[in-house]
Amino acid sequence: MRPLRLQMEGLRSYRHPVDIPFDRDGLIAIIGDTGAGKSSILEAIVYALYSATSWDQRGVRALIASGAKKVSVVFDFAVGEKKWRVTRATSLTAQPVHLLECTSDADDPLARVDGEAAVNDAVKKIVGLDY
């Protein structure tokens with residue numbers, strides 16, 4: 001699995017929209033001072049892929065930034081030749097969003113999957129790793 005792009009809002013130290021491109025050639029490093037948000041980037045990826053956090057599989061509301069009403073993450077990644085986009089959102093009041101789309105092959109059997117369990121199962125098949 002190769003990360004391509006991460007968009008997030010309302011996630012821990014990232015209250016405002018952030019767009020992180022990973023699709024450049026070469027190696028990628030996540031660096032910064034203590035408290036700069038490095039771990040939050042990894043939490044966003046875990047949330048996007050598995051609707052979980054690294055410390056509590058079901059406690060995703062803990063990701064909502066202080067003062068924010070919702071957390072949303074869009075994560076684009078590639079596996080082999082196919083490109084995927086997973087979208088997750090959790091709110092204090094609204095229904096959560098769980099959506100997986102194949103952005104490179106509309107005929108893929110998993111081209112569009114929604115619902116938490118279905119997306120989690122599809123991610124496991126595509127990536128080859130579970131939570």
# chains A, B, ... in the order shown; residues from 1 in each chain; ligands from 1
>>> residues_around(residues="Gly67 in chain A", least_positions_apart="2", cutoff="12 Å", atoms="only C-alpha atoms", output="list of chain:residue names")
A:Gly10, A:Leu11, A:Arg12, A:Ser13, A:Tyr14, A:Arg15, A:His16, A:Leu63, A:Ile64, A:Ala65, A:Lys69, A:Lys70, A:Val71, A:Leu92
>>> write_last_selection(atoms="all heavy atoms", output="mmCIF file, in the first residue's frame")
data_model
loop_
_atom_site.group_PDB
_atom_site.id
_atom_site.type_symbol
_atom_site.label_atom_id
_atom_site.label_comp_id
_atom_site.auth_asym_id
_atom_site.auth_seq_id
_atom_site.Cartn_x
_atom_site.Cartn_y
_atom_site.Cartn_z
ATOM 1 N N GLY A 10 -10.631 18.707 11.685
ATOM 2 C CA GLY A 10 -11.204 18.449 13.001
ATOM 3 C C GLY A 10 -10.568 17.285 13.734
ATOM 4 O O GLY A 10 -11.157 16.756 14.669
ATOM 5 N N LEU A 11 -9.377 16.891 13.309
ATOM 6 C CA LEU A 11 -8.716 15.745 13.918
ATOM 7 C C LEU A 11 -7.592 16.213 14.835
ATOM 8 O O LEU A 11 -6.605 16.783 14.359
ATOM 9 C CB LEU A 11 -8.159 14.807 12.849
ATOM 10 C CG LEU A 11 -7.673 13.463 13.385
ATOM 11 C CD1 LEU A 11 -8.083 12.350 12.454
ATOM 12 C CD2 LEU A 11 -6.178 13.459 13.576
ATOM 13 N N ARG A 12 -7.789 16.034 16.121
ATOM 14 C CA ARG A 12 -6.814 16.369 17.149
ATOM 15 C C ARG A 12 -6.185 17.745 16.918
ATOM 16 O O ARG A 12 -6.856 18.752 17.050
ATOM 17 C CB ARG A 12 -5.776 15.262 17.266
ATOM 18 C CG ARG A 12 -6.421 13.956 17.738
ATOM 19 C CD ARG A 12 -5.492 12.839 17.883
ATOM 20 N NE ARG A 12 -4.345 13.226 18.701
ATOM 21 C CZ ARG A 12 -3.514 12.381 19.241
ATOM 22 N NH1 ARG A 12 -3.703 11.105 19.079
ATOM 23 N NH2 ARG A 12 -2.498 12.780 19.950
ATOM 24 N N SER A 13 -4.909 17.809 16.570
ATOM 25 C CA SER A 13 -4.249 19.112 16.426
ATOM 26 C C SER A 13 -4.527 19.775 15.076
ATOM 27 O O SER A 13 -4.052 20.874 14.832
ATOM 28 C CB SER A 13 -2.740 18.973 16.656
ATOM 29 O OG SER A 13 -2.202 17.933 15.875
ATOM 30 N N TYR A 14 -5.304 19.131 14.221
ATOM 31 C CA TYR A 14 -5.636 19.685 12.901
ATOM 32 C C TYR A 14 -7.108 20.081 12.863
ATOM 33 O O TYR A 14 -7.932 19.412 12.240
ATOM 34 C CB TYR A 14 -5.316 18.673 11.798
ATOM 35 C CG TYR A 14 -3.848 18.366 11.698
ATOM 36 C CD1 TYR A 14 -3.308 17.236 12.298
ATOM 37 C CD2 TYR A 14 -2.996 19.223 11.028
ATOM 38 C CE1 TYR A 14 -1.961 16.962 12.220
ATOM 39 C CE2 TYR A 14 -1.636 18.961 10.942
ATOM 40 C CZ TYR A 14 -1.130 17.819 11.542
ATOM 41 O OH TYR A 14 0.214 17.557 11.454
ATOM 42 N N ARG A 15 -7.441 21.185 13.525
ATOM 43 C CA ARG A 15 -8.835 21.637 13.581
ATOM 44 C C ARG A 15 -9.325 22.105 12.224
ATOM 45 O O ARG A 15 -10.483 21.925 11.875
ATOM 46 C CB ARG A 15 -8.976 22.774 14.595
ATOM 47 C CG ARG A 15 -8.798 22.290 16.021
ATOM 48 C CD ARG A 15 -9.104 23.354 17.026
ATOM 49 N NE ARG A 15 -10.514 23.714 16.910
ATOM 50 C CZ ARG A 15 -10.994 24.916 17.193
ATOM 51 N NH1 ARG A 15 -10.196 25.864 17.624
ATOM 52 N NH2 ARG A 15 -12.261 25.166 17.070
ATOM 53 N N HIS A 16 -8.444 22.749 11.459
ATOM 54 C CA HIS A 16 -8.808 23.303 10.158
ATOM 55 C C HIS A 16 -8.383 22.339 9.052
ATOM 56 O O HIS A 16 -7.514 21.489 9.261
ATOM 57 C CB HIS A 16 -8.161 24.673 9.984
ATOM 58 C CG HIS A 16 -8.534 25.621 11.090
ATOM 59 N ND1 HIS A 16 -9.791 26.156 11.223
ATOM 60 C CD2 HIS A 16 -7.828 26.096 12.140
ATOM 61 C CE1 HIS A 16 -9.843 26.926 12.288
ATOM 62 N NE2 HIS A 16 -8.656 26.902 12.871
ATOM 63 N N LEU A 63 -10.882 11.365 18.610
ATOM 64 C CA LEU A 63 -10.064 12.051 17.605
ATOM 65 C C LEU A 63 -10.568 13.465 17.322
ATOM 66 O O LEU A 63 -9.837 14.274 16.747
ATOM 67 C CB LEU A 63 -10.051 11.256 16.294
ATOM 68 C CG LEU A 63 -9.371 9.900 16.325
ATOM 69 C CD1 LEU A 63 -9.561 9.190 14.983
ATOM 70 C CD2 LEU A 63 -7.897 10.041 16.654
ATOM 71 N N ILE A 64 -11.811 13.764 17.681
ATOM 72 C CA ILE A 64 -12.377 15.083 17.379
ATOM 73 C C ILE A 64 -11.617 16.148 18.158
ATOM 74 O O ILE A 64 -11.455 16.064 19.370
ATOM 75 C CB ILE A 64 -13.886 15.127 17.703
ATOM 76 C CG1 ILE A 64 -14.630 14.096 16.853
ATOM 77 C CG2 ILE A 64 -14.440 16.531 17.471
ATOM 78 C CD1 ILE A 64 -16.107 13.956 17.191
ATOM 79 N N ALA A 65 -11.134 17.138 17.430
ATOM 80 C CA ALA A 65 -10.343 18.216 18.033
ATOM 81 C C ALA A 65 -11.169 18.995 19.044
ATOM 82 O O ALA A 65 -12.388 19.135 18.905
ATOM 83 C CB ALA A 65 -9.849 19.169 16.937
ATOM 84 N N LYS A 69 -16.827 20.007 16.039
ATOM 85 C CA LYS A 69 -18.031 19.198 16.147
ATOM 86 C C LYS A 69 -17.918 17.876 15.400
ATOM 87 O O LYS A 69 -18.719 16.979 15.607
ATOM 88 C CB LYS A 69 -19.226 19.980 15.634
ATOM 89 C CG LYS A 69 -19.530 21.176 16.505
ATOM 90 C CD LYS A 69 -20.748 21.910 16.047
ATOM 91 C CE LYS A 69 -20.947 23.093 16.993
ATOM 92 N NZ LYS A 69 -22.017 23.942 16.586
ATOM 93 N N LYS A 70 -16.922 17.772 14.509
ATOM 94 C CA LYS A 70 -16.761 16.526 13.758
ATOM 95 C C LYS A 70 -15.314 16.356 13.331
ATOM 96 O O LYS A 70 -14.525 17.305 13.326
ATOM 97 C CB LYS A 70 -17.669 16.488 12.533
ATOM 98 C CG LYS A 70 -17.238 17.408 11.405
ATOM 99 C CD LYS A 70 -18.104 17.201 10.190
ATOM 100 C CE LYS A 70 -17.522 17.980 9.014
ATOM 101 N NZ LYS A 70 -18.166 17.655 7.768
ATOM 102 N N VAL A 71 -14.989 15.134 12.965
ATOM 103 C CA VAL A 71 -13.700 14.808 12.383
ATOM 104 C C VAL A 71 -13.992 14.169 11.025
ATOM 105 O O VAL A 71 -14.920 13.377 10.894
ATOM 106 C CB VAL A 71 -12.870 13.856 13.276
ATOM 107 C CG1 VAL A 71 -13.600 12.567 13.560
ATOM 108 C CG2 VAL A 71 -11.520 13.571 12.658
ATOM 109 N N LEU A 92 -20.372 14.600 16.549
ATOM 110 C CA LEU A 92 -21.005 14.488 17.862
ATOM 111 C C LEU A 92 -22.510 14.297 17.744
ATOM 112 O O LEU A 92 -23.154 13.833 18.675
ATOM 113 C CB LEU A 92 -20.685 15.724 18.701
ATOM 114 C CG LEU A 92 -19.210 15.939 19.023
ATOM 115 C CD1 LEU A 92 -19.013 17.274 19.736
ATOM 116 C CD2 LEU A 92 -18.658 14.790 19.848
#
>>> select_by_dssp(residues="chain A", states="helix (DSSP H, G or I)", output="VMD selection string")
chain A and resid 38 to 50 60 to 63 116 to 127
>>> closest_residue(among="A:Cys102, A:Ile28, A:Met8, A:Leu110", to="Ala89 in chain A", atoms="only C-alpha atoms")
A:Met8
>>> closest_residue(among="A:Arg2, A:Lys82, A:His98, A:Lys38", to="Tyr50 in chain A", atoms="only C-alpha atoms")
A:His98
>>> residues_around(residues="Leu27 in chain A", least_positions_apart="4", cutoff="12 Å", atoms="only C-alpha atoms", output="NGL selection string")
:A and (2-3 or 22-23)
>>> residues_around(residues="Val73 in chain A", least_positions_apart="5", cutoff="12 Å", atoms="only C-alpha atoms", output="count of residues only")
42
>>> select_by_dssp(residues="chain A", states="strand (DSSP E or B)", output="number ranges by chain")
A: 2-9, 11, 14, 18-21, 64, 70-79, 82-91, 97-102, 112-114
>>> residues_around(residues="Ala122 in chain A", least_positions_apart="2", cutoff="10 Å", atoms="only C-alpha atoms", output="CSV table (one decimal) with N, CA and C atoms, in the first residue's frame")
chain,number,residue,atom,x,y,z
A,49,LEU,N,-8.5,4.0,7.4
A,49,LEU,CA,-8.4,2.6,7.0
A,49,LEU,C,-9.3,1.7,7.8
A,100,LEU,N,-15.8,3.7,0.7
A,100,LEU,CA,-14.5,3.3,0.0
A,100,LEU,C,-14.9,3.3,-1.5
A,109,PRO,N,-14.9,-5.2,-8.3
A,109,PRO,CA,-16.0,-5.6,-7.5
A,109,PRO,C,-16.2,-4.8,-6.2
A,110,LEU,N,-15.1,-4.1,-5.8
A,110,LEU,CA,-15.2,-3.2,-4.6
A,110,LEU,C,-15.2,-1.8,-5.0
A,111,ALA,N,-15.6,-1.4,-6.2
A,111,ALA,CA,-15.5,-0.1,-6.7
A,111,ALA,C,-16.2,1.0,-5.8
A,112,ARG,N,-17.3,0.6,-5.1
A,112,ARG,CA,-17.9,1.5,-4.2
A,112,ARG,C,-18.6,0.7,-3.1
A,113,VAL,N,-18.1,0.9,-1.9
A,113,VAL,CA,-18.6,0.2,-0.7
A,113,VAL,C,-18.9,1.2,0.4
A,114,ASP,N,-20.0,1.1,1.0
A,114,ASP,CA,-20.3,2.0,2.2
A,114,ASP,C,-20.8,1.2,3.4
A,116,GLU,N,-19.7,0.9,7.8
A,116,GLU,CA,-18.5,0.7,8.5
A,116,GLU,C,-17.9,-0.7,8.3
A,117,ALA,N,-18.8,-1.7,8.6
A,117,ALA,CA,-18.3,-3.1,8.5
A,117,ALA,C,-17.8,-3.5,7.1
A,118,ALA,N,-18.6,-3.1,6.1
A,118,ALA,CA,-18.3,-3.4,4.7
A,118,ALA,C,-17.0,-2.7,4.3
A,119,VAL,N,-16.8,-1.5,4.6
A,119,VAL,CA,-15.6,-0.8,4.3
A,119,VAL,C,-14.4,-1.4,5.0
A,120,ASN,N,-14.5,-1.7,6.3
A,120,ASN,CA,-13.5,-2.4,7.0
A,120,ASN,C,-13.1,-3.7,6.4
A,124,LYS,N,-9.5,-4.5,4.4
A,124,LYS,CA,-8.7,-5.7,4.8
A,124,LYS,C,-8.3,-6.5,3.6
A,125,LYS,N,-9.3,-6.7,2.7
A,125,LYS,CA,-9.0,-7.5,1.5
A,125,LYS,C,-8.0,-6.8,0.6
A,126,ILE,N,-8.2,-5.5,0.4
A,126,ILE,CA,-7.3,-4.7,-0.5
A,126,ILE,C,-5.9,-4.6,0.0
A,127,VAL,N,-5.8,-4.1,1.3
A,127,VAL,CA,-4.5,-3.8,1.9
A,127,VAL,C,-3.8,-5.1,2.3
A,128,GLY,N,-4.5,-6.1,2.7
A,128,GLY,CA,-3.9,-7.3,3.2
A,128,GLY,C,-3.6,-7.3,4.7
A,130,ASP,N,-5.4,-6.3,8.7
A,130,ASP,CA,-6.6,-5.9,9.4
A,130,ASP,C,-6.1,-4.9,10.5
>>> decode(residues="range 4-20 of chain A", atoms="all heavy atoms", output="mmCIF file, in the first residue's frame")
data_model
loop_
_atom_site.group_PDB
_atom_site.id
_atom_site.type_symbol
_atom_site.label_atom_id
_atom_site.label_comp_id
_atom_site.auth_asym_id
_atom_site.auth_seq_id
_atom_site.Cartn_x
_atom_site.Cartn_y
_atom_site.Cartn_z
ATOM 1 N N LEU A 4 -1.135 8.178 -1.024
ATOM 2 C CA LEU A 4 -1.071 9.185 -2.090
ATOM 3 C C LEU A 4 -1.447 10.574 -1.584
ATOM 4 O O LEU A 4 -0.806 11.554 -1.938
ATOM 5 C CB LEU A 4 -1.998 8.791 -3.247
ATOM 6 C CG LEU A 4 -1.675 7.464 -3.935
ATOM 7 C CD1 LEU A 4 -2.745 7.134 -4.972
ATOM 8 C CD2 LEU A 4 -0.288 7.501 -4.558
ATOM 9 N N ARG A 5 -2.501 10.657 -0.777
ATOM 10 C CA ARG A 5 -2.952 11.963 -0.280
ATOM 11 C C ARG A 5 -3.815 11.764 0.966
ATOM 12 O O ARG A 5 -4.584 10.820 1.048
ATOM 13 C CB ARG A 5 -3.762 12.666 -1.367
ATOM 14 C CG ARG A 5 -4.498 13.879 -0.885
ATOM 15 C CD ARG A 5 -5.215 14.608 -1.997
ATOM 16 N NE ARG A 5 -4.569 15.896 -2.071
ATOM 17 C CZ ARG A 5 -4.210 16.512 -3.166
ATOM 18 N NH1 ARG A 5 -4.450 15.978 -4.327
ATOM 19 N NH2 ARG A 5 -3.638 17.675 -3.124
ATOM 20 N N LEU A 6 -3.654 12.680 1.894
ATOM 21 C CA LEU A 6 -4.446 12.658 3.125
ATOM 22 C C LEU A 6 -5.049 14.038 3.320
ATOM 23 O O LEU A 6 -4.337 15.033 3.335
ATOM 24 C CB LEU A 6 -3.555 12.290 4.326
ATOM 25 C CG LEU A 6 -4.221 12.314 5.697
ATOM 26 C CD1 LEU A 6 -5.300 11.238 5.797
ATOM 27 C CD2 LEU A 6 -3.174 12.112 6.795
ATOM 28 N N GLN A 7 -6.365 14.067 3.445
ATOM 29 C CA GLN A 7 -7.074 15.305 3.750
ATOM 30 C C GLN A 7 -7.813 15.083 5.063
ATOM 31 O O GLN A 7 -8.462 14.053 5.244
ATOM 32 C CB GLN A 7 -8.062 15.649 2.637
ATOM 33 C CG GLN A 7 -7.385 15.873 1.301
ATOM 34 C CD GLN A 7 -8.385 15.923 0.169
ATOM 35 O OE1 GLN A 7 -9.121 14.985 -0.068
ATOM 36 N NE2 GLN A 7 -8.403 17.047 -0.524
ATOM 37 N N MET A 8 -7.688 16.029 5.970
ATOM 38 C CA MET A 8 -8.353 15.864 7.258
ATOM 39 C C MET A 8 -8.789 17.213 7.804
ATOM 40 O O MET A 8 -8.230 18.247 7.461
ATOM 41 C CB MET A 8 -7.441 15.145 8.249
ATOM 42 C CG MET A 8 -6.152 15.837 8.536
ATOM 43 S SD MET A 8 -5.139 14.812 9.613
ATOM 44 C CE MET A 8 -3.529 15.436 9.195
ATOM 45 N N GLU A 9 -9.793 17.128 8.665
ATOM 46 C CA GLU A 9 -10.305 18.332 9.331
ATOM 47 C C GLU A 9 -10.909 17.919 10.662
ATOM 48 O O GLU A 9 -11.583 16.893 10.756
ATOM 49 C CB GLU A 9 -11.369 18.995 8.462
ATOM 50 C CG GLU A 9 -11.936 20.251 9.070
ATOM 51 C CD GLU A 9 -12.918 20.963 8.147
ATOM 52 O OE1 GLU A 9 -13.243 20.448 7.069
ATOM 53 O OE2 GLU A 9 -13.379 22.049 8.549
ATOM 54 N N GLY A 10 -10.631 18.707 11.685
ATOM 55 C CA GLY A 10 -11.204 18.449 13.001
ATOM 56 C C GLY A 10 -10.568 17.285 13.734
ATOM 57 O O GLY A 10 -11.157 16.756 14.669
ATOM 58 N N LEU A 11 -9.377 16.891 13.309
ATOM 59 C CA LEU A 11 -8.716 15.745 13.918
ATOM 60 C C LEU A 11 -7.592 16.213 14.835
ATOM 61 O O LEU A 11 -6.605 16.783 14.359
ATOM 62 C CB LEU A 11 -8.159 14.807 12.849
ATOM 63 C CG LEU A 11 -7.673 13.463 13.385
ATOM 64 C CD1 LEU A 11 -8.083 12.350 12.454
ATOM 65 C CD2 LEU A 11 -6.178 13.459 13.576
ATOM 66 N N ARG A 12 -7.789 16.034 16.121
ATOM 67 C CA ARG A 12 -6.814 16.369 17.149
ATOM 68 C C ARG A 12 -6.185 17.745 16.918
ATOM 69 O O ARG A 12 -6.856 18.752 17.050
ATOM 70 C CB ARG A 12 -5.776 15.262 17.266
ATOM 71 C CG ARG A 12 -6.421 13.956 17.738
ATOM 72 C CD ARG A 12 -5.492 12.839 17.883
ATOM 73 N NE ARG A 12 -4.345 13.226 18.701
ATOM 74 C CZ ARG A 12 -3.514 12.381 19.241
ATOM 75 N NH1 ARG A 12 -3.703 11.105 19.079
ATOM 76 N NH2 ARG A 12 -2.498 12.780 19.950
ATOM 77 N N SER A 13 -4.909 17.809 16.570
ATOM 78 C CA SER A 13 -4.249 19.112 16.426
ATOM 79 C C SER A 13 -4.527 19.775 15.076
ATOM 80 O O SER A 13 -4.052 20.874 14.832
ATOM 81 C CB SER A 13 -2.740 18.973 16.656
ATOM 82 O OG SER A 13 -2.202 17.933 15.875
ATOM 83 N N TYR A 14 -5.304 19.131 14.221
ATOM 84 C CA TYR A 14 -5.636 19.685 12.901
ATOM 85 C C TYR A 14 -7.108 20.081 12.863
ATOM 86 O O TYR A 14 -7.932 19.412 12.240
ATOM 87 C CB TYR A 14 -5.316 18.673 11.798
ATOM 88 C CG TYR A 14 -3.848 18.366 11.698
ATOM 89 C CD1 TYR A 14 -3.308 17.236 12.298
ATOM 90 C CD2 TYR A 14 -2.996 19.223 11.028
ATOM 91 C CE1 TYR A 14 -1.961 16.962 12.220
ATOM 92 C CE2 TYR A 14 -1.636 18.961 10.942
ATOM 93 C CZ TYR A 14 -1.130 17.819 11.542
ATOM 94 O OH TYR A 14 0.214 17.557 11.454
ATOM 95 N N ARG A 15 -7.441 21.185 13.525
ATOM 96 C CA ARG A 15 -8.835 21.637 13.581
ATOM 97 C C ARG A 15 -9.325 22.105 12.224
ATOM 98 O O ARG A 15 -10.483 21.925 11.875
ATOM 99 C CB ARG A 15 -8.976 22.774 14.595
ATOM 100 C CG ARG A 15 -8.798 22.290 16.021
ATOM 101 C CD ARG A 15 -9.104 23.354 17.026
ATOM 102 N NE ARG A 15 -10.514 23.714 16.910
ATOM 103 C CZ ARG A 15 -10.994 24.916 17.193
ATOM 104 N NH1 ARG A 15 -10.196 25.864 17.624
ATOM 105 N NH2 ARG A 15 -12.261 25.166 17.070
ATOM 106 N N HIS A 16 -8.444 22.749 11.459
ATOM 107 C CA HIS A 16 -8.808 23.303 10.158
ATOM 108 C C HIS A 16 -8.383 22.339 9.052
ATOM 109 O O HIS A 16 -7.514 21.489 9.261
ATOM 110 C CB HIS A 16 -8.161 24.673 9.984
ATOM 111 C CG HIS A 16 -8.534 25.621 11.090
ATOM 112 N ND1 HIS A 16 -9.791 26.156 11.223
ATOM 113 C CD2 HIS A 16 -7.828 26.096 12.140
ATOM 114 C CE1 HIS A 16 -9.843 26.926 12.288
ATOM 115 N NE2 HIS A 16 -8.656 26.902 12.871
ATOM 116 N N PRO A 17 -8.955 22.472 7.843
ATOM 117 C CA PRO A 17 -8.629 21.543 6.760
ATOM 118 C C PRO A 17 -7.127 21.519 6.443
ATOM 119 O O PRO A 17 -6.481 22.564 6.378
ATOM 120 C CB PRO A 17 -9.411 22.094 5.568
ATOM 121 C CG PRO A 17 -10.516 22.894 6.172
ATOM 122 C CD PRO A 17 -9.966 23.458 7.449
ATOM 123 N N VAL A 18 -6.621 20.311 6.269
ATOM 124 C CA VAL A 18 -5.221 20.091 5.921
ATOM 125 C C VAL A 18 -5.181 19.097 4.772
ATOM 126 O O VAL A 18 -5.925 18.116 4.762
ATOM 127 C CB VAL A 18 -4.432 19.517 7.128
ATOM 128 C CG1 VAL A 18 -3.021 19.151 6.729
ATOM 129 C CG2 VAL A 18 -4.424 20.495 8.276
ATOM 130 N N ASP A 19 -4.322 19.340 3.814
ATOM 131 C CA ASP A 19 -4.158 18.477 2.651
ATOM 132 C C ASP A 19 -2.683 18.103 2.549
ATOM 133 O O ASP A 19 -1.832 18.970 2.355
ATOM 134 C CB ASP A 19 -4.618 19.227 1.397
ATOM 135 C CG ASP A 19 -4.647 18.359 0.152
ATOM 136 O OD1 ASP A 19 -4.185 17.209 0.188
ATOM 137 O OD2 ASP A 19 -5.136 18.858 -0.875
ATOM 138 N N ILE A 20 -2.378 16.815 2.706
ATOM 139 C CA ILE A 20 -0.994 16.352 2.691
ATOM 140 C C ILE A 20 -0.801 15.427 1.492
ATOM 141 O O ILE A 20 -1.339 14.309 1.473
ATOM 142 C CB ILE A 20 -0.638 15.604 3.991
ATOM 143 C CG1 ILE A 20 -0.877 16.497 5.202
ATOM 144 C CG2 ILE A 20 0.805 15.109 3.946
ATOM 145 C CD1 ILE A 20 -0.769 15.784 6.535
#
